[in-house]
Amino acid sequence: MEITVSNQNDVTVLALQGRLDGLASPQLEQRLDALLAGGARKVVLDCAALTYVSSAGLRVFLGGAKKLKSAGGRAAFAALTPAVHEVFELSGFLEVLAVHPTATAATASLT
Amino acid sequence: MPPAVQLLSLTSSLAEIPRVADAVEAFCAPLEPGPRDLLALQLALEEAVTNIITHGYGDQPGHAFALELRREDRRVTAVLTDDAPAYDPLARAEVDIHAPLAERGVGGLGVHLVKKLMDSAAYERRDGRNVLTLSRAFAPPAP
């Protein structure tokens with residue numbers, strides 16, 4: 001999986017590309033933890049190029065959203081592909097995570 | 001299309017996850033599957049394989065287990081056989097997928113996804129081995 005980080009004012013955008021499986025998910029967790037430690041509080045996870053997520057990836061998404069929330073920040077998810085949307089839906093994640101149709105909308109929701 | 005069978009020997013390492021995904025993709029290729037069917041099977045197998053490695057073998061490397069893939073018409077069946085202590089992953093309590101964020105964990109979510117994504121999932125303890133059989137009928141190919 002490829003993770004590309006960019007900043008728009010005080011919003012950190014992580015563009016995820018590829019497959020977030022049990023082998024790749026620790027990489028994202030470490031990245032999110034490092035950003036949080038570095039002071040990031042508004043984080044967009046742009047999933048437009050994320051083709052696959054398993055429960056290991058969901059664990060990192062949920063953990064990241066919770067850690068941000070307890071630090072006074074927020075996470076927003078954007079542009080789920082159909083396969084990832086289905087996994088979010090089956091897991092009830094559409095109800096507990098902020099999901100937006102585009103990265104632009106997700107960024108706007110945090111500002 | 002004639003029925004086909006493929007056997008894979010796996011070892012107790014999470015590095016097997018992408019290898020299983022690639023094997024599933026290659027095995028299903030003659031069916032020209034849609035992404036939903038393919039990803040569903042890859043996801044169910046990742047969850048099941050991860051369970052065997054973490055719960056069955058306690059994250060200890062060096063254990064061998066087997067995956068058999070079968071296809072008959074458009075039904076794809078995967079059978080995982082391991083010699084870890086008896087463990088029925090399907091017997092886990094149902095997760096509450098409607099709990100609020102603060103109360104949400106992800107324990108049991110993998111098994112929940114397996115049950116949702118497969119048409120059938122069955123466990124049995126046979127000859128001192130755990131045998132998990134997962135099956136999904138793939139949609140007709142896109143015209």
# chains A, B, ... in the order shown; residues from 1 in each chain; ligands from 1
>>> closest_atom_pairs(of="chain B", to="chain A", cutoff="8 Å", atoms="only C-alpha atoms", output="CSV")
residue,atom,partner,partner_atom,distance
B:Leu14,CA,A:Leu23,CA,6.0
B:Ala15,CA,A:Leu23,CA,6.4
B:Ile17,CA,A:Leu23,CA,7.0
B:Pro18,CA,A:Leu23,CA,7.9
B:Pro35,CA,A:Ala83,CA,7.5
B:Arg36,CA,A:Ala83,CA,6.2
B:Leu39,CA,A:Tyr52,CA,7.1
B:Leu43,CA,A:Ser54,CA,6.0
B:Glu46,CA,A:Ser54,CA,7.4
B:Glu47,CA,A:Ser55,CA,7.3
B:Thr50,CA,A:Gly22,CA,7.9
B:Ile97,CA,A:Gly92,CA,4.7
B:His98,CA,A:Gly92,CA,5.9
B:Pro100,CA,A:Val96,CA,6.2
B:Leu101,CA,A:Val96,CA,5.3
B:Ala102,CA,A:Lys66,CA,7.3
B:Gly105,CA,A:Arg59,CA,7.7
B:Val106,CA,A:Arg59,CA,5.8
B:Leu109,CA,A:Ser55,CA,6.2
B:Gly110,CA,A:Ser55,CA,5.3
B:His112,CA,A:Ser91,CA,7.9
B:Leu113,CA,A:Leu90,CA,7.0
B:Lys116,CA,A:Leu90,CA,7.4
>>> write_last_selection(atoms="C-alpha atoms", output="tab-separated table (two decimals), in the first residue's frame")
chain	number	residue	atom	x	y	z
B	14	LEU	CA	0.89	-12.85	7.86
B	15	ALA	CA	3.09	-12.59	4.76
B	17	ILE	CA	-2.10	-12.88	3.10
B	18	PRO	CA	-1.06	-11.26	-0.21
B	35	PRO	CA	-14.46	-7.17	-8.27
B	36	ARG	CA	-17.15	-7.76	-5.61
B	39	LEU	CA	-12.67	-9.16	-3.10
B	43	LEU	CA	-11.35	-10.84	2.35
B	46	GLU	CA	-7.63	-13.16	4.85
B	47	GLU	CA	-9.84	-13.18	7.96
B	50	THR	CA	-5.36	-14.57	10.12
B	97	ILE	CA	-22.30	-3.33	14.51
B	98	HIS	CA	-24.59	-0.52	15.67
B	100	PRO	CA	-21.48	3.99	19.11
B	101	LEU	CA	-17.85	4.89	18.35
B	102	ALA	CA	-16.64	4.91	21.94
B	105	GLY	CA	-14.11	-2.57	19.07
B	106	VAL	CA	-13.16	-4.74	16.17
B	109	LEU	CA	-15.46	-8.24	13.07
B	110	GLY	CA	-13.42	-10.51	10.81
B	112	HIS	CA	-18.73	-11.26	11.03
B	113	LEU	CA	-17.44	-10.27	7.57
B	116	LYS	CA	-21.77	-11.84	5.59
>>> closest_residue(among="A:Cys47, A:Gly38, A:Glu2, A:Asn9", to="Pro101 of chain A", atoms="only C-alpha atoms")
A:Cys47
>>> atom_distance(atom1="atom CA of Leu36 of chain A", atom2="atom CA of Thr81 of chain A")
25.9 Å
>>> select_by_dssp(residues="segment 3-104 of chain A", states="strand (DSSP E)", output="PyMOL selection string")
chain A and resi 3-8+11-20+42-53+74-78+99-100
>>> write_last_selection(atoms="N, CA and C atoms", output="short mmCIF file (atom, residue, chain, number, x, y, z; two decimals), in the first residue's frame")
data_model
loop_
_atom_site.label_atom_id
_atom_site.label_comp_id
_atom_site.auth_asym_id
_atom_site.auth_seq_id
_atom_site.Cartn_x
_atom_site.Cartn_y
_atom_site.Cartn_z
N ILE A 3 1.09 5.33 0.82
CA ILE A 3 0.46 6.41 1.58
C ILE A 3 1.12 7.72 1.17
N THR A 4 0.32 8.65 0.69
CA THR A 4 0.85 9.97 0.33
C THR A 4 0.24 11.01 1.25
N VAL A 5 1.09 11.77 1.93
CA VAL A 5 0.61 12.76 2.89
C VAL A 5 0.75 14.16 2.32
N SER A 6 -0.32 14.94 2.44
CA SER A 6 -0.24 16.35 2.05
C SER A 6 -0.99 17.19 3.08
N ASN A 7 -0.77 18.49 3.05
CA ASN A 7 -1.42 19.37 4.02
C ASN A 7 -2.18 20.47 3.32
N GLN A 8 -3.37 20.73 3.84
CA GLN A 8 -4.13 21.90 3.38
C GLN A 8 -4.49 22.70 4.61
N VAL A 11 -5.31 20.87 7.89
CA VAL A 11 -5.84 19.53 7.62
C VAL A 11 -4.74 18.66 6.97
N THR A 12 -4.54 17.48 7.51
CA THR A 12 -3.58 16.53 6.94
C THR A 12 -4.37 15.52 6.11
N VAL A 13 -3.99 15.38 4.86
CA VAL A 13 -4.69 14.44 3.98
C VAL A 13 -3.78 13.25 3.68
N LEU A 14 -4.26 12.05 4.01
CA LEU A 14 -3.53 10.83 3.67
C LEU A 14 -4.25 10.16 2.51
N ALA A 15 -3.59 10.11 1.37
CA ALA A 15 -4.16 9.41 0.22
C ALA A 15 -3.65 7.97 0.26
N LEU A 16 -4.59 7.04 0.36
CA LEU A 16 -4.23 5.62 0.45
C LEU A 16 -4.41 4.96 -0.91
N GLN A 17 -3.40 4.20 -1.30
CA GLN A 17 -3.49 3.55 -2.61
C GLN A 17 -3.14 2.08 -2.48
N GLY A 18 -4.02 1.24 -3.00
CA GLY A 18 -3.73 -0.20 -3.00
C GLY A 18 -4.58 -0.96 -2.00
N ARG A 19 -3.95 -1.92 -1.32
CA ARG A 19 -4.70 -2.84 -0.46
C ARG A 19 -4.28 -2.67 1.00
N LEU A 20 -5.27 -2.43 1.85
CA LEU A 20 -5.01 -2.29 3.28
C LEU A 20 -5.37 -3.63 3.93
N LYS A 42 -6.61 17.24 12.55
CA LYS A 42 -7.66 17.11 11.53
C LYS A 42 -7.08 16.26 10.41
N VAL A 43 -7.61 15.07 10.25
CA VAL A 43 -7.01 14.12 9.29
C VAL A 43 -8.08 13.60 8.33
N VAL A 44 -7.78 13.73 7.04
CA VAL A 44 -8.63 13.14 6.01
C VAL A 44 -7.95 11.88 5.49
N LEU A 45 -8.70 10.78 5.43
CA LEU A 45 -8.20 9.56 4.81
C LEU A 45 -8.90 9.42 3.46
N ASP A 46 -8.14 9.75 2.43
CA ASP A 46 -8.68 9.72 1.07
C ASP A 46 -8.55 8.30 0.53
N CYS A 47 -9.71 7.64 0.36
CA CYS A 47 -9.72 6.22 -0.02
C CYS A 47 -10.04 6.00 -1.50
N ALA A 48 -9.89 7.05 -2.31
CA ALA A 48 -10.28 6.95 -3.73
C ALA A 48 -9.54 5.83 -4.46
N ALA A 49 -8.30 5.56 -4.04
CA ALA A 49 -7.51 4.52 -4.71
C ALA A 49 -7.28 3.31 -3.81
N LEU A 50 -8.09 3.22 -2.76
CA LEU A 50 -7.99 2.07 -1.85
C LEU A 50 -8.94 0.99 -2.37
N THR A 51 -8.37 -0.13 -2.81
CA THR A 51 -9.19 -1.13 -3.49
C THR A 51 -9.68 -2.23 -2.55
N TYR A 52 -9.11 -2.29 -1.34
CA TYR A 52 -9.41 -3.45 -0.47
C TYR A 52 -9.12 -3.07 0.97
N VAL A 53 -9.99 -3.46 1.87
CA VAL A 53 -9.72 -3.30 3.30
C VAL A 53 -10.26 -4.52 4.03
N ARG A 74 -10.31 15.27 14.81
CA ARG A 74 -11.33 14.54 14.06
C ARG A 74 -10.73 13.88 12.83
N ALA A 75 -11.31 12.75 12.45
CA ALA A 75 -10.93 12.08 11.21
C ALA A 75 -12.12 12.11 10.26
N ALA A 76 -11.85 12.27 8.98
CA ALA A 76 -12.91 12.19 7.97
C ALA A 76 -12.42 11.27 6.84
N PHE A 77 -13.32 10.41 6.39
CA PHE A 77 -12.98 9.46 5.34
C PHE A 77 -13.63 9.90 4.04
N ALA A 78 -12.92 9.69 2.93
CA ALA A 78 -13.41 10.21 1.66
C ALA A 78 -13.32 9.21 0.53
N VAL A 99 -18.00 9.81 6.76
CA VAL A 99 -17.64 9.41 5.40
C VAL A 99 -18.20 10.44 4.42
N HIS A 100 -17.34 10.92 3.53
CA HIS A 100 -17.73 11.96 2.56
C HIS A 100 -17.46 11.47 1.14
#
>>> select_by_dssp(residues="chain A", states="helix (DSSP H, G or I)", output="JSON, numbers by chain")
{"A": [25, 26, 27, 28, 29, 30, 31, 32, 33, 34, 35, 36, 37, 55, 56, 57, 58, 59, 60, 61, 62, 63, 64, 65, 66, 67, 68, 69, 70, 82, 83, 84, 85, 86, 87, 88, 89, 90, 91, 93, 94, 95, 96, 103, 104, 105, 106, 107, 108, 109]}
>>> residues_around(residues="Glu124 of chain B", least_positions_apart="3", cutoff="9 Å", atoms="only C-alpha atoms", output="ChimeraX atom specification")
/B:88,129-133
>>> closest_residue(among="B:Ser13, B:Ala21, B:Arg70, B:Pro33", to="Gly58 of chain B", atoms="only C-alpha atoms")
B:Ser13
